[in-house]
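Undergrad: Let me give you the structure first, and then I'll get to my questions.
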Amino acid sequence: MSLSSVGEGATRRGSIRSSRCRGGLFWQGVIVFNYFGSKSKLVRLYPEPEYDTIIEPFCGSARYALWYYNRNVILCDADPRICRIWKWLIKDATVADIQSLPELVQGESRKRHKYLSIEEQWLLSLLVNRGHASIGQCETMTEWSYDQGDGNIPRFKRFAIRMLPRIRHWKIFNTLYQKLRINPCATWFIDPPYNYAAGDSYRYGQSAIDYARLAKWVRSRRGQVIVCEHPQATWLPFTPLKTRQMGIKGTLKEAMFTEDYGCKR
Ligand SMILES: C[S@@+](CC[C@H](N)C(=O)[O-])C[C@H]1O[C@@H](n2cnc3c(N)ncnc32)[C@H](O)[C@@H]1O
């Protein structure tokens, strides 16, 4: 796939430490849709982007890009439904569309709302149950989701209404990372499915990924790479990311590989 709209104009930003470039306080508690493996709790622990362009080839709910939303953001994912939700949010959704989404109560099925567009239905599917990796796994508002921020959907709406005008410049492509034919100098936030059983929770999971090949691809990028994995993964020299205590559930374990290959190659 050739993404002709992506130019080579991406420049290194040097060391950007200004909070102007990040979400700042407004962005705290970022919630777009709930997604298994999303980096919502960790996003501030990763290095800041050193380049104007951020590419997330395994975007899911794109929490890293959301935190730095005002860069040139390019999202890709293998899952067509995830991409169609993003395309809807980036290009088509209006504030009125967001406001009119039904606010499901605990135990209510999103299937009652068949008049909605397919993208809206899939979005509700992800909102009714926190942390699902695949649309359709659960269609009824769970207690766990409902208890989050007064019903989860109202919370999403408040966030989305502020988010929409800020992401209109983003691009989304439904493609496998292997088919991505671009390599601009950019910050590449690479968060594939974990290379162990949990990585098969997705519709496009770890079994279909050749991690040795992915490691080669990572090392061939131009610019900065930030790769996420579980601490036990060995396909790159990962180092543990500072972990966080997650309530009573224990510690969130995560590892990272990061490198800046520069733009000259
Ligand atoms: C760990 S999740 C990404 C989570 C994301 N960072 C977030 O904050 O929500 C991995 C994503 O990779 C996608 N994926 C799996 N195989 C892929 C492939 N070969 N190319 C592109 N995307 C793929 C899955 O559909 C899934 O959305």
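Going through the structure tokens in order, the chains are called A, B, and so on, while each chain numbers its residues from 1 and the ligands are numbered from 1 in the order shown.
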Mind dumping a table of every chain A residue within 6 Å of ligand 1, with the nearest atom pair and its distance in Å to one decimal, using only C-alpha atoms and all ligand atoms, sorted by chain and rising number, as a Markdown table?

TA:
```
| residue | atom | partner | partner_atom_place_in_ligand_line | distance |
| --- | --- | --- | --- | --- |
| A:Tyr35 | CA | ligand 1 | 9 (O) | 5.6 |
| A:Gly37 | CA | ligand 1 | 1 (C) | 4.6 |
| A:Ser38 | CA | ligand 1 | 9 (O) | 3.4 |
| A:Lys39 | CA | ligand 1 | 8 (O) | 4.2 |
| A:Pro57 | CA | ligand 1 | 21 (C) | 5.7 |
| A:Phe58 | CA | ligand 1 | 12 (O) | 3.9 |
| A:Cys59 | CA | ligand 1 | 5 (C) | 4.9 |
| A:Gly60 | CA | ligand 1 | 27 (O) | 3.6 |
| A:Ser61 | CA | ligand 1 | 9 (O) | 3.4 |
| A:Ala62 | CA | ligand 1 | 8 (O) | 4.3 |
| A:Arg63 | CA | ligand 1 | 8 (O) | 4.2 |
| A:Asp77 | CA | ligand 1 | 22 (N) | 3.9 |
| A:Ala78 | CA | ligand 1 | 22 (N) | 4.0 |
| A:Asp79 | CA | ligand 1 | 25 (O) | 4.7 |
| A:Leu176 | CA | ligand 1 | 20 (N) | 3.4 |
| A:Tyr177 | CA | ligand 1 | 20 (N) | 4.0 |
| A:Asp191 | CA | ligand 1 | 6 (N) | 5.0 |
| A:Pro192 | CA | ligand 1 | 10 (C) | 4.4 |
| A:Pro193 | CA | ligand 1 | 1 (C) | 4.4 |
| A:Tyr202 | CA | ligand 1 | 24 (C) | 5.8 |
| A:Tyr204 | CA | ligand 1 | 15 (C) | 4.4 |
| A:Gly205 | CA | ligand 1 | 15 (C) | 5.1 |
```

Undergrad: Could you write out that same residue set with N, CA and C atoms as an mmCIF file, in the first residue's frame?

TA:
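The file below, selection05.cif, is the result:
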```cif
data_model
loop_
_atom_site.group_PDB
_atom_site.id
_atom_site.type_symbol
_atom_site.label_atom_id
_atom_site.label_comp_id
_atom_site.auth_asym_id
_atom_site.auth_seq_id
_atom_site.Cartn_x
_atom_site.Cartn_y
_atom_site.Cartn_z
ATOM 1 N N TYR A 35 -10.509 -0.435 25.088
ATOM 2 C CA TYR A 35 -9.817 -1.386 24.223
ATOM 3 C C TYR A 35 -8.803 -2.169 25.015
ATOM 4 N N GLY A 37 -5.557 -3.808 26.054
ATOM 5 C CA GLY A 37 -4.158 -3.501 25.739
ATOM 6 C C GLY A 37 -3.912 -2.034 25.451
ATOM 7 N N SER A 38 -4.937 -1.184 25.648
ATOM 8 C CA SER A 38 -4.718 0.242 25.377
ATOM 9 C C SER A 38 -3.712 0.789 26.390
ATOM 10 N N LYS A 39 -3.066 1.847 25.990
ATOM 11 C CA LYS A 39 -2.006 2.385 26.836
ATOM 12 C C LYS A 39 -2.497 3.568 27.683
ATOM 13 N N PRO A 57 1.290 2.169 13.757
ATOM 14 C CA PRO A 57 0.920 1.118 12.794
ATOM 15 C C PRO A 57 -0.006 0.055 13.379
ATOM 16 N N PHE A 58 -0.098 -0.008 14.712
ATOM 17 C CA PHE A 58 -1.009 -0.954 15.388
ATOM 18 C C PHE A 58 -1.883 -0.095 16.306
ATOM 19 N N CYS A 59 -2.756 0.702 15.738
ATOM 20 C CA CYS A 59 -3.281 1.835 16.519
ATOM 21 C C CYS A 59 -4.309 1.484 17.579
ATOM 22 N N GLY A 60 -5.171 0.479 17.358
ATOM 23 C CA GLY A 60 -6.226 0.213 18.348
ATOM 24 C C GLY A 60 -6.911 1.518 18.726
ATOM 25 N N SER A 61 -6.917 1.853 20.005
ATOM 26 C CA SER A 61 -7.577 3.095 20.433
ATOM 27 C C SER A 61 -6.604 4.281 20.485
ATOM 28 N N ALA A 62 -5.375 4.092 20.014
ATOM 29 C CA ALA A 62 -4.440 5.197 19.730
ATOM 30 C C ALA A 62 -4.214 6.161 20.896
ATOM 31 N N ARG A 63 -3.993 5.630 22.070
ATOM 32 C CA ARG A 63 -3.865 6.519 23.242
ATOM 33 C C ARG A 63 -2.620 7.403 23.177
ATOM 34 N N ASP A 77 -4.350 0.111 11.249
ATOM 35 C CA ASP A 77 -4.673 -1.106 11.997
ATOM 36 C C ASP A 77 -5.163 -2.143 10.993
ATOM 37 N N ALA A 78 -4.951 -3.417 11.346
ATOM 38 C CA ALA A 78 -5.395 -4.510 10.477
ATOM 39 C C ALA A 78 -6.908 -4.693 10.546
ATOM 40 N N ASP A 79 -7.518 -4.275 11.650
ATOM 41 C CA ASP A 79 -8.943 -4.547 11.868
ATOM 42 C C ASP A 79 -9.802 -3.477 11.179
ATOM 43 N N LEU A 176 -2.313 -3.876 7.046
ATOM 44 C CA LEU A 176 -1.357 -4.612 7.870
ATOM 45 C C LEU A 176 -0.067 -3.814 7.895
ATOM 46 N N TYR A 177 0.670 -3.882 8.972
ATOM 47 C CA TYR A 177 1.930 -3.128 9.024
ATOM 48 C C TYR A 177 2.867 -3.588 7.905
ATOM 49 N N ASP A 191 2.850 -0.737 18.855
ATOM 50 C CA ASP A 191 2.253 -1.491 19.964
ATOM 51 C C ASP A 191 1.503 -2.703 19.414
ATOM 52 N N PRO A 192 2.251 -3.732 18.963
ATOM 53 C CA PRO A 192 1.589 -4.918 18.398
ATOM 54 C C PRO A 192 0.933 -5.745 19.496
ATOM 55 N N PRO A 193 0.109 -6.727 19.128
ATOM 56 C CA PRO A 193 -0.398 -7.654 20.156
ATOM 57 C C PRO A 193 0.788 -8.273 20.890
ATOM 58 N N TYR A 202 -7.241 -10.388 20.111
ATOM 59 C CA TYR A 202 -7.711 -9.528 19.014
ATOM 60 C C TYR A 202 -8.180 -10.369 17.832
ATOM 61 N N TYR A 204 -7.198 -9.744 14.923
ATOM 62 C CA TYR A 204 -5.908 -9.927 14.259
ATOM 63 C C TYR A 204 -4.865 -10.008 15.378
ATOM 64 N N GLY A 205 -4.520 -11.225 15.747
ATOM 65 C CA GLY A 205 -3.716 -11.404 16.951
ATOM 66 C C GLY A 205 -2.283 -11.792 16.681
#
```

Undergrad: Pick out the closest residue to Tyr211 in chain A from this set: A:Ala198, A:Leu236, A:Val32, A:Leu104. Count only C-alpha atoms.

TA: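 Of the candidates, the smallest distance to Tyr211 in chain A is held by A:Leu236.
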
Undergrad: Within 12 Å of Arg221 in chain A, counting only C-alpha atoms, which residues show up once you throw out same-chain ones fewer than 4 positions away? Write them as a PDB file with N, CA and C atoms, in the first residue's frame, please.

TA:
```pdb
ATOM      1  N   ILE A  55       3.345   8.033  13.870  1.00  0.00           N
ATOM      2  CA  ILE A  55       2.687   6.928  13.164  1.00  0.00           C
ATOM      3  C   ILE A  55       2.438   5.804  14.169  1.00  0.00           C
ATOM      4  N   PRO A  57       1.290   2.169  13.757  1.00  0.00           N
ATOM      5  CA  PRO A  57       0.920   1.118  12.794  1.00  0.00           C
ATOM      6  C   PRO A  57      -0.006   0.055  13.379  1.00  0.00           C
ATOM      7  N   TYR A 177       0.670  -3.882   8.972  1.00  0.00           N
ATOM      8  CA  TYR A 177       1.930  -3.128   9.024  1.00  0.00           C
ATOM      9  C   TYR A 177       2.867  -3.588   7.905  1.00  0.00           C
ATOM     10  N   LEU A 180       2.534  -1.589   4.720  1.00  0.00           N
ATOM     11  CA  LEU A 180       2.744  -0.144   4.784  1.00  0.00           C
ATOM     12  C   LEU A 180       3.995   0.192   3.974  1.00  0.00           C
ATOM     13  N   ARG A 181       3.815   0.927   2.882  1.00  0.00           N
ATOM     14  CA  ARG A 181       4.955   1.164   1.987  1.00  0.00           C
ATOM     15  C   ARG A 181       5.605   2.520   2.209  1.00  0.00           C
ATOM     16  N   ILE A 182       5.354   3.118   3.333  1.00  0.00           N
ATOM     17  CA  ILE A 182       5.955   4.428   3.590  1.00  0.00           C
ATOM     18  C   ILE A 182       6.968   4.297   4.727  1.00  0.00           C
ATOM     19  N   ASN A 183       7.920   5.198   4.717  1.00  0.00           N
ATOM     20  CA  ASN A 183       8.875   5.215   5.834  1.00  0.00           C
ATOM     21  C   ASN A 183       9.374   6.651   6.046  1.00  0.00           C
ATOM     22  N   PRO A 184       8.447   7.553   6.351  1.00  0.00           N
ATOM     23  CA  PRO A 184       8.887   8.932   6.584  1.00  0.00           C
ATOM     24  C   PRO A 184       9.623   9.029   7.913  1.00  0.00           C
ATOM     25  N   CYS A 185      10.396  10.065   8.066  1.00  0.00           N
ATOM     26  CA  CYS A 185      11.080  10.277   9.323  1.00  0.00           C
ATOM     27  C   CYS A 185      10.023  10.714  10.345  1.00  0.00           C
ATOM     28  N   ALA A 186       9.822   9.924  11.342  1.00  0.00           N
ATOM     29  CA  ALA A 186       8.666  10.148  12.228  1.00  0.00           C
ATOM     30  C   ALA A 186       8.917   9.508  13.579  1.00  0.00           C
ATOM     31  N   THR A 187       8.007   9.746  14.489  1.00  0.00           N
ATOM     32  CA  THR A 187       7.973   8.959  15.728  1.00  0.00           C
ATOM     33  C   THR A 187       7.011   7.808  15.487  1.00  0.00           C
ATOM     34  N   TRP A 188       7.530   6.601  15.572  1.00  0.00           N
ATOM     35  CA  TRP A 188       6.745   5.386  15.327  1.00  0.00           C
ATOM     36  C   TRP A 188       6.383   4.778  16.683  1.00  0.00           C
ATOM     37  N   PHE A 189       5.118   4.842  17.045  1.00  0.00           N
ATOM     38  CA  PHE A 189       4.679   4.221  18.292  1.00  0.00           C
ATOM     39  C   PHE A 189       4.115   2.843  17.912  1.00  0.00           C
ATOM     40  N   ILE A 190       4.872   1.801  18.234  1.00  0.00           N
ATOM     41  CA  ILE A 190       4.595   0.461  17.704  1.00  0.00           C
ATOM     42  C   ILE A 190       4.129  -0.440  18.850  1.00  0.00           C
ATOM     43  N   LEU A 214       9.095  -8.655  12.336  1.00  0.00           N
ATOM     44  CA  LEU A 214       8.655  -7.354  12.868  1.00  0.00           C
ATOM     45  C   LEU A 214       9.852  -6.595  13.464  1.00  0.00           C
ATOM     46  N   ALA A 215      10.747  -7.329  14.146  1.00  0.00           N
ATOM     47  CA  ALA A 215      11.935  -6.685  14.735  1.00  0.00           C
ATOM     48  C   ALA A 215      12.781  -6.039  13.632  1.00  0.00           C
ATOM     49  N   LYS A 216      12.924  -6.753  12.511  1.00  0.00           N
ATOM     50  CA  LYS A 216      13.700  -6.221  11.374  1.00  0.00           C
ATOM     51  C   LYS A 216      13.040  -4.948  10.836  1.00  0.00           C
ATOM     52  N   TRP A 217      11.724  -5.021  10.742  1.00  0.00           N
ATOM     53  CA  TRP A 217      10.961  -3.877  10.228  1.00  0.00           C
ATOM     54  C   TRP A 217      11.122  -2.675  11.176  1.00  0.00           C
ATOM     55  N   VAL A 225      11.738   5.185  17.234  1.00  0.00           N
ATOM     56  CA  VAL A 225      10.786   4.084  17.445  1.00  0.00           C
ATOM     57  C   VAL A 225      10.557   3.887  18.947  1.00  0.00           C
ATOM     58  N   ILE A 226       9.332   3.611  19.282  1.00  0.00           N
ATOM     59  CA  ILE A 226       8.964   3.249  20.658  1.00  0.00           C
ATOM     60  C   ILE A 226       8.130   1.979  20.510  1.00  0.00           C
ATOM     61  N   VAL A 227       8.652   0.874  21.014  1.00  0.00           N
ATOM     62  CA  VAL A 227       7.951  -0.404  20.844  1.00  0.00           C
ATOM     63  C   VAL A 227       7.488  -0.901  22.212  1.00  0.00           C
ATOM     64  N   THR A 258      13.226   1.443  22.752  1.00  0.00           N
ATOM     65  CA  THR A 258      13.186   2.740  22.067  1.00  0.00           C
ATOM     66  C   THR A 258      14.553   3.084  21.516  1.00  0.00           C
ATOM     67  N   GLU A 259      14.532   3.771  20.367  1.00  0.00           N
ATOM     68  CA  GLU A 259      15.771   4.109  19.667  1.00  0.00           C
ATOM     69  C   GLU A 259      15.436   5.266  18.720  1.00  0.00           C
ATOM     70  N   ASP A 260      16.421   6.140  18.491  1.00  0.00           N
ATOM     71  CA  ASP A 260      16.218   7.150  17.447  1.00  0.00           C
ATOM     72  C   ASP A 260      17.223   6.879  16.338  1.00  0.00           C
ATOM     73  N   TYR A 261      16.724   6.409  15.187  1.00  0.00           N
ATOM     74  CA  TYR A 261      17.608   6.039  14.073  1.00  0.00           C
ATOM     75  C   TYR A 261      17.933   7.235  13.183  1.00  0.00           C
ATOM     76  N   GLY A 262      17.350   8.382  13.471  1.00  0.00           N
ATOM     77  CA  GLY A 262      17.611   9.563  12.669  1.00  0.00           C
ATOM     78  C   GLY A 262      16.965   9.466  11.286  1.00  0.00           C
ATOM     79  N   CYS A 263      17.228  10.505  10.463  1.00  0.00           N
ATOM     80  CA  CYS A 263      16.501  10.604   9.190  1.00  0.00           C
ATOM     81  C   CYS A 263      17.387  10.363   7.986  1.00  0.00           C
ATOM     82  N   LYS A 264      18.674  10.105   8.211  1.00  0.00           N
ATOM     83  CA  LYS A 264      19.608  10.103   7.089  1.00  0.00           C
ATOM     84  C   LYS A 264      19.541   8.845   6.242  1.00  0.00           C
ATOM     85  N   ARG A 265      19.014   7.746   6.745  1.00  0.00           N
ATOM     86  CA  ARG A 265      19.054   6.535   5.935  1.00  0.00           C
ATOM     87  C   ARG A 265      17.853   6.435   4.997  1.00  0.00           C
TER      88      ARG A 265
END
```

Undergrad: Enumerate as an MDAnalysis selection string all residues of range 103-247 of chain A assigned to helix (DSSP H, G or I) by DSSP on the backbone, naming them with the chain letters and numbers the document uses.

TA: chainID A and resid 110:112 118:128 143:146 153:166 177:179 197:200 206:208 211:219 247
